[in-house]
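Colleague: This is work06.pdb (PDB, C-alpha atoms).
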```
ATOM      1  CA  MET F   1      23.227  20.088  -0.860
ATOM      2  CA  ILE F   2      22.231  16.412  -0.882
ATOM      3  CA  ASP F   3      19.378  15.323  -3.149
ATOM      4  CA  GLN F   4      17.038  13.606  -0.631
ATOM      5  CA  SER F   5      15.666  11.230  -3.270
ATOM      6  CA  GLN F   6      19.181   9.809  -3.744
ATOM      7  CA  VAL F   7      19.812   9.014  -0.047
ATOM      8  CA  LEU F   8      19.310   5.322   0.792
ATOM      9  CA  ILE F   9      19.232   4.200   4.430
ATOM     10  CA  THR F  10      20.000   0.495   4.894
ATOM     11  CA  LEU F  11      18.744  -1.406   7.928
ATOM     12  CA  PRO F  12      20.975  -4.515   7.855
ATOM     13  CA  ASP F  13      20.125  -8.056   8.871
ATOM     14  CA  GLY F  14      20.290  -8.571  12.627
ATOM     15  CA  VAL F  15      18.422  -5.338  13.465
ATOM     16  CA  PHE F  16      14.984  -5.446  15.092
ATOM     17  CA  MET F  17      12.929  -2.250  15.205
ATOM     18  CA  GLU F  18       9.654  -1.728  17.013
ATOM     19  CA  GLY F  19       7.478   1.399  17.056
ATOM     20  CA  HIS F  20       6.916   4.322  14.682
ATOM     21  CA  PHE F  21       9.481   5.398  12.110
ATOM     22  CA  LYS F  22       9.291   8.325   9.688
ATOM     23  CA  THR F  23      11.857   9.485   7.113
ATOM     24  CA  LYS F  24      12.204  11.591   3.987
ATOM     25  CA  HIS F  25      14.779   9.116   2.632
ATOM     26  CA  SER F  26      14.552   5.823   0.757
ATOM     27  CA  LEU F  27      14.974   2.684   2.849
ATOM     28  CA  LYS F  28      16.442  -0.740   2.158
ATOM     29  CA  ILE F  29      15.319  -3.142   4.867
ATOM     30  CA  GLU F  30      17.080  -6.453   5.486
ATOM     31  CA  SER F  31      15.815  -6.783   9.051
ATOM     32  CA  SER F  32      12.632  -7.100  11.138
ATOM     33  CA  ILE F  33      10.212  -4.266  11.859
ATOM     34  CA  ASN F  34       7.057  -4.257  14.003
ATOM     35  CA  GLY F  35       5.146  -0.999  13.845
ATOM     36  CA  THR F  36       4.474   1.856  11.457
ATOM     37  CA  LEU F  37       6.880   3.132   8.828
ATOM     38  CA  LEU F  38       6.389   6.238   6.700
ATOM     39  CA  SER F  39       8.890   7.076   3.977
ATOM     40  CA  LYS F  40       8.441   9.936   1.532
ATOM     41  CA  GLN F  41      10.517   7.901  -0.919
ATOM     42  CA  LYS F  42      11.029   4.301  -2.025
ATOM     43  CA  VAL F  43      11.133   1.344   0.379
ATOM     44  CA  ILE F  44      12.823  -1.959  -0.482
ATOM     45  CA  LEU F  45      12.038  -4.990   1.686
ATOM     46  CA  GLU F  46      14.729  -7.579   0.953
ATOM     47  CA  SER F  47      14.092 -11.347   0.948
ATOM     48  CA  ASN F  48      15.299 -11.798   4.542
ATOM     49  CA  SER F  49      13.132  -8.947   5.915
ATOM     50  CA  VAL F  50      10.022  -9.377   8.067
ATOM     51  CA  PHE F  51       7.587  -6.469   8.437
ATOM     52  CA  ASN F  52       4.490  -6.455  10.678
ATOM     53  CA  GLY F  53       2.405  -3.271  10.719
ATOM     54  CA  ASP F  54       1.588  -0.329   8.465
ATOM     55  CA  LEU F  55       3.849   0.874   5.674
ATOM     56  CA  ILE F  56       3.320   4.206   3.870
ATOM     57  CA  CYS F  57       5.583   5.133   0.963
ATOM     58  CA  SER F  58       5.807   6.450  -2.583
ATOM     59  CA  GLU F  59       7.162   3.221  -4.088
ATOM     60  CA  LEU F  60       7.686  -0.293  -2.718
ATOM     61  CA  VAL F  61       9.718  -3.316  -3.821
ATOM     62  CA  LEU F  62       8.846  -6.410  -1.761
ATOM     63  CA  SER F  63      10.885  -9.596  -1.578
ATOM     64  CA  GLY F  64      10.432 -10.513   2.088
ATOM     65  CA  LYS F  65       7.517 -11.261   4.422
ATOM     66  CA  PHE F  66       4.894  -8.579   5.050
ATOM     67  CA  SER F  67       1.836  -8.636   7.308
ATOM     68  CA  GLY F  68      -0.355  -5.559   7.722
ATOM     69  CA  ASN F  69      -1.390  -2.628   5.550
ATOM     70  CA  ILE F  70       0.492  -1.063   2.658
ATOM     71  CA  PHE F  71      -0.396   2.488   1.579
ATOM     72  CA  CYS F  72       1.583   3.380  -1.545
ATOM     73  CA  THR F  73       1.116   6.413  -3.813
ATOM     74  CA  GLY F  74       3.121   4.818  -6.625
ATOM     75  CA  LYS F  75       3.904   1.245  -7.588
ATOM     76  CA  VAL F  76       4.119  -1.830  -5.382
ATOM     77  CA  GLN F  77       6.380  -4.403  -7.009
ATOM     78  CA  VAL F  78       6.223  -7.914  -5.535
ATOM     79  CA  LYS F  79       9.201 -10.162  -6.260
ATOM     80  CA  GLN F  80       9.408 -13.953  -6.428
ATOM     81  CA  GLY F  81       9.270 -15.602  -2.990
ATOM     82  CA  CYS F  82       7.528 -12.655  -1.320
ATOM     83  CA  GLN F  83       4.721 -13.259   1.180
ATOM     84  CA  ILE F  84       1.992 -10.681   1.870
ATOM     85  CA  SER F  85      -1.012 -10.915   4.177
ATOM     86  CA  GLY F  86      -3.270  -7.930   4.802
ATOM     87  CA  ARG F  87      -4.406  -5.031   2.615
ATOM     88  CA  VAL F  88      -2.554  -3.254  -0.166
ATOM     89  CA  TYR F  89      -3.704   0.220  -1.235
ATOM     90  CA  THR F  90      -1.635   1.322  -4.215
ATOM     91  CA  TYR F  91      -1.813   3.252  -7.454
ATOM     92  CA  ARG F  92      -0.097   0.418  -9.364
ATOM     93  CA  PHE F  93       0.558  -3.228  -8.509
ATOM     94  CA  GLU F  94       2.928  -5.653 -10.196
ATOM     95  CA  ASN F  95       3.862  -9.140  -9.062
ATOM     96  CA  ASP F  96       6.234 -11.847 -10.254
ATOM     97  CA  GLU F  97       5.334 -15.505 -10.448
ATOM     98  CA  MET F  98       5.779 -17.643  -7.345
ATOM     99  CA  THR F  99       4.560 -15.092  -4.824
ATOM    100  CA  ASN F 100       2.391 -15.912  -1.824
ATOM    101  CA  LEU F 101      -0.364 -13.284  -1.679
ATOM    102  CA  ASP F 102      -3.078 -13.471   0.973
ATOM    103  CA  CYS F 103      -4.210  -9.884   0.630
ATOM    104  CA  ILE F 104      -6.822  -7.554  -0.770
ATOM    105  CA  ILE F 105      -5.430  -5.130  -3.349
ATOM    106  CA  SER F 106      -7.260  -1.820  -3.790
ATOM    107  CA  VAL F 107      -6.463   0.876  -6.338
ATOM    108  CA  PRO F 108      -7.641   4.411  -5.467
ATOM    109  CA  ASP F 109      -8.488   6.918  -8.196
ATOM    110  CA  THR F 110      -6.017   9.594  -9.347
ATOM    111  CA  ASN F 111      -7.672  12.400  -7.343
ATOM    112  CA  THR F 112      -7.357  10.407  -4.131
ATOM    113  CA  ILE F 113      -3.700   9.603  -4.833
ATOM    114  CA  ASN F 114      -3.006  13.311  -5.493
ATOM    115  CA  LYS F 115      -4.640  14.307  -2.151
ATOM    116  CA  ILE F 116      -2.518  11.716  -0.355
ATOM    117  CA  LYS F 117       0.673  12.902  -2.084
ATOM    118  CA  GLU F 118      -0.064  16.467  -0.907
ATOM    119  CA  ILE F 119      -0.464  15.289   2.694
ATOM    120  CA  ILE F 120       2.730  13.205   2.544
ATOM    121  CA  ASP F 121       4.678  16.127   1.050
ATOM    122  CA  ALA F 122       3.477  18.354   3.909
ATOM    123  CA  ILE F 123       4.490  15.909   6.652
ATOM    124  CA  ASP F 124       7.184  17.194   8.973
ATOM    125  CA  VAL F 125       9.642  14.324   9.460
ATOM    126  CA  ASP F 126      10.897  15.947  12.657
ATOM    127  CA  GLN F 127       7.524  15.451  14.381
ATOM    128  CA  LYS F 128       6.732  12.131  16.087
ATOM    129  CA  LEU F 129       4.742   9.866  13.766
ATOM    130  CA  SER F 130       2.562   8.581  16.614
ATOM    131  CA  SER F 131       1.272  12.117  17.281
ATOM    132  CA  ASP F 132       1.234  13.341  13.665
ATOM    133  CA  PRO F 133      -2.388  14.181  12.692
ATOM    134  CA  ASN F 134      -1.557  13.433   9.040
ATOM    135  CA  LEU F 135      -1.227   9.679   9.629
ATOM    136  CA  PRO F 136      -4.894   9.004  10.477
ATOM    137  CA  SER F 137      -5.916  11.436   7.708
ATOM    138  CA  LEU F 138      -3.941   9.470   5.115
ATOM    139  CA  ILE F 139      -5.408   6.148   6.149
ATOM    140  CA  LYS F 140      -8.948   7.570   6.292
ATOM    141  CA  ILE F 141      -8.692   8.998   2.753
ATOM    142  CA  TYR F 142      -7.565   5.616   1.390
ATOM    143  CA  GLU F 143     -10.268   3.692   3.225
ATOM    144  CA  ASP F 144     -13.121   6.171   2.582
ATOM    145  CA  ASN F 145     -12.369   6.373  -1.124
ATOM    146  CA  LEU F 146     -12.298   2.620  -1.564
ATOM    147  CA  ALA F 147     -15.276   1.819   0.670
ATOM    148  CA  ALA F 148     -17.443   4.253  -1.302
ATOM    149  CA  LYS F 149     -16.550   2.579  -4.604
ATOM    150  CA  GLU F 150     -17.169  -1.034  -3.575
ATOM    151  CA  LYS F 151     -20.117  -2.421  -5.551
ATOM    152  CA  VAL F 152     -20.120  -5.960  -4.188
ATOM    153  CA  LYS F 153     -19.086  -6.985  -0.710
ATOM    154  CA  LEU F 154     -17.130 -10.241  -0.346
ATOM    155  CA  THR F 155     -19.784 -11.561   2.051
ATOM    156  CA  GLU F 156     -22.412 -11.120  -0.699
ATOM    157  CA  LEU F 157     -20.302 -13.183  -3.127
ATOM    158  CA  ILE F 158     -19.940 -15.963  -0.557
ATOM    159  CA  LYS F 159     -23.725 -16.049   0.049
ATOM    160  CA  GLU F 160     -24.474 -15.956  -3.692
ATOM    161  CA  PRO F 161     -21.547 -17.663  -5.470
ATOM    162  CA  ASN F 162     -23.201 -17.367  -8.907
ATOM    163  CA  LYS F 163     -23.540 -13.585  -8.601
ATOM    164  CA  PRO F 164     -21.351 -11.938 -11.281
ATOM    165  CA  ILE F 165     -18.318  -9.949 -10.216
ATOM    166  CA  PRO F 166     -18.352  -6.379 -11.611
ATOM    167  CA  VAL F 167     -15.955  -5.930 -14.532
ATOM    168  CA  ALA F 168     -15.132  -2.650 -16.262
ATOM    169  CA  VAL F 169     -15.187  -2.752 -20.072
ATOM    170  CA  ASN F 170     -13.436   0.036 -21.979
ATOM    171  CA  GLY F 171     -13.337   2.086 -18.774
ATOM    172  CA  THR F 172     -17.132   1.925 -18.230
ATOM    173  CA  SER F 173     -19.466  -0.472 -16.505
ATOM    174  CA  ALA F 174     -22.926  -1.456 -17.650
ATOM    175  CA  PRO F 175     -25.753  -2.459 -15.299
ATOM    176  CA  SER F 176     -26.728  -6.103 -15.075
ATOM    177  CA  GLY F 177     -30.119  -7.525 -14.230
ATOM    178  CA  ASN F 178     -29.320  -7.471 -10.508
ATOM    179  CA  GLY F 179     -28.083  -3.866 -10.485
ATOM    180  CA  ILE F 180     -24.427  -4.868 -10.476
ATOM    181  CA  PRO F 181     -22.462  -3.771 -13.539
ATOM    182  CA  THR F 182     -20.785  -6.632 -15.393
ATOM    183  CA  ALA F 183     -18.953  -7.138 -18.665
ATOM    184  CA  ALA F 184     -21.577  -9.600 -19.849
ATOM    185  CA  SER F 185     -24.423  -7.128 -19.400
ATOM    186  CA  LYS F 186     -22.909  -4.584 -21.815
TER     187      LYS F 186
END
```
Translate the structure described by the file into structure tokens.
Modeller:
Amino acid sequence: MIDQSQVLITLPDGVFMEGHFKTKHSLKIESSINGTLLSKQKVILESNSVFNGDLICSELVLSGKFSGNIFCTGKVQVKQGCQISGRVYTYRFENDEMTNLDCIISVPDTNTINKIKEIIDAIDVDQKLSSDPNLPSLIKIYEDNLAAKEKVKLTELIKEPNKPIPVAVNGTSAPSGNGIPTAASK
């Protein structure tokens, strides 16, 4: 029997895919994709790849161009020359120098990541992704968890540029004079 985590599907340069794609295998993408991709394993976007849409995976290595939303239960690794615009929801984020990031990076808590992993593990790859009820559930869990934890909205920082940005110190936050926890108020 084949170990599914060892199977790597390669989408070579010169391929254009559009729509919804779901697999239990790892993917190496050297081509262009517009749509939604869900992989239960690792996804590698090579330097010549272009991805527009939503990407859900357990691990991601990015070298190409990405526009959309990334939902990753493990680590997103951004390589030199990569371009990202959109939102990145991931448990861990690592980037090289000389990357072009125009994105918001959000890190859910461990409980949220574990819930998402359970849903991904239960996904039937033989069912159409566009009609799979797990897809909206996954995205909602990411978004609900992060929206509930936001202390300062970006629009508030723009209106009040001198307002301190919340910073955790030793894993805890202390309240500041304006009700927003900061490192300086500890």
Colleague: What is the distance, in Å and to one decimal place, between atom CA of Thr112 of chain F and atom CA of Asp126 of chain F?
Modeller: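 These atoms are spaced 25.4 Å apart.
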Colleague: Kindly resolve the PyMOL selection byres ((chain F and resi 93-109) around 10) on the present coordinates and return the residues as a VMD selection string.
Modeller: chain F and resid 60 to 63 65 to 92 110 to 114 141 to 147 149 to 150
Colleague: Would you mind reading off the distance between atom CA of Pro12 of chain F and atom CA of Ile123 of chain F, one decimal, in Å?
Modeller: 26.3 Å
Colleague: Looking at F:Thr23, F:Leu11, F:Ile116, F:Ser32, which one is nearest to Lys128 of chain F, with distances taken over all atoms listed in the file?
Modeller: F:Thr23
Colleague: Got a sec: who's within 8 Å of segment 8-10 of chain F, counting all atoms listed in the file, leaving out chain neighbours fewer than 3 positions off, as a ChimeraX atom specification?
Modeller: /F:25-30
Colleague: Can those selected residues be exported to a file as a compact mmCIF listing (two decimals), in the frame of the given file so that it contains C-alpha atoms?
Modeller:
```
# COMPACT_ATOMS: atom_id res chain seq x y z
CA HIS F 25 14.78 9.12 2.63
CA SER F 26 14.55 5.82 0.76
CA LEU F 27 14.97 2.68 2.85
CA LYS F 28 16.44 -0.74 2.16
CA ILE F 29 15.32 -3.14 4.87
CA GLU F 30 17.08 -6.45 5.49
```
Colleague: Between F:Ile120, F:Glu59, F:Ser130, F:Val125, which has the minimum distance to Gly19 of chain F (counting all atoms listed in the file)?
Modeller: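 Of F:Ile120, F:Glu59, F:Ser130, F:Val125, the one nearest Gly19 of chain F is F:Ser130, counting all atoms listed in the file.
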Colleague: Mind pulling up the distance from atom CA of Met17 of chain F to atom CA of Leu135 of chain F?
Modeller: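 Atom CA of Met17 of chain F lies at a distance of 19.3 Å from atom CA of Leu135 of chain F.
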Colleague: Just checking: using all atoms listed in the file, which residue out of F:Ile139, F:Leu55, F:Val50, F:Ile119 ends up closest to His20 of chain F?
Modeller: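 Between F:Ile139, F:Leu55, F:Val50, F:Ile119, the residue approaching His20 of chain F most closely is F:Leu55.
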Colleague: Around all of segment 33-41 of chain F's listed atoms, make the axis-aligned box with 5 Å on each side and tell me centre and edge lengths in Å to one decimal, as AutoDock Vina command-line options.
Modeller:
```
--center_x 7.5 --center_y 2.8 --center_z 6.5 --size_x 16.0 --size_y 24.2 --size_z 24.9
```
Colleague: If the PyMOL selection byres ((chain F and resi 33) around 8) is run on the structure shown, which residues does it catch, given as a PyMOL selection string?
Modeller: chain F and resi 16-18+31-32+34-35+50-53
Colleague: How would the residues just chosen look if you wrote them out with C-alpha atoms as a short mmCIF file (atom, residue, chain, number, x, y, z; two decimals), in the frame of the given file?
Modeller:
```cif
data_model
loop_
_atom_site.label_atom_id
_atom_site.label_comp_id
_atom_site.auth_asym_id
_atom_site.auth_seq_id
_atom_site.Cartn_x
_atom_site.Cartn_y
_atom_site.Cartn_z
CA PHE F 16 14.98 -5.45 15.09
CA MET F 17 12.93 -2.25 15.20
CA GLU F 18 9.65 -1.73 17.01
CA SER F 31 15.82 -6.78 9.05
CA SER F 32 12.63 -7.10 11.14
CA ASN F 34 7.06 -4.26 14.00
CA GLY F 35 5.15 -1.00 13.84
CA VAL F 50 10.02 -9.38 8.07
CA PHE F 51 7.59 -6.47 8.44
CA ASN F 52 4.49 -6.46 10.68
CA GLY F 53 2.40 -3.27 10.72
#
```
Colleague: Identify which of the residues F:Ser131, F:Ser137, F:Gln41, F:Asn48 lies closest to Asp3 of chain F, counting only C-alpha atoms when measuring atom-to-atom distances.
Modeller: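 Comparing F:Ser131, F:Ser137, F:Gln41, F:Asn48 against Asp3 of chain F, the winner is F:Gln41.
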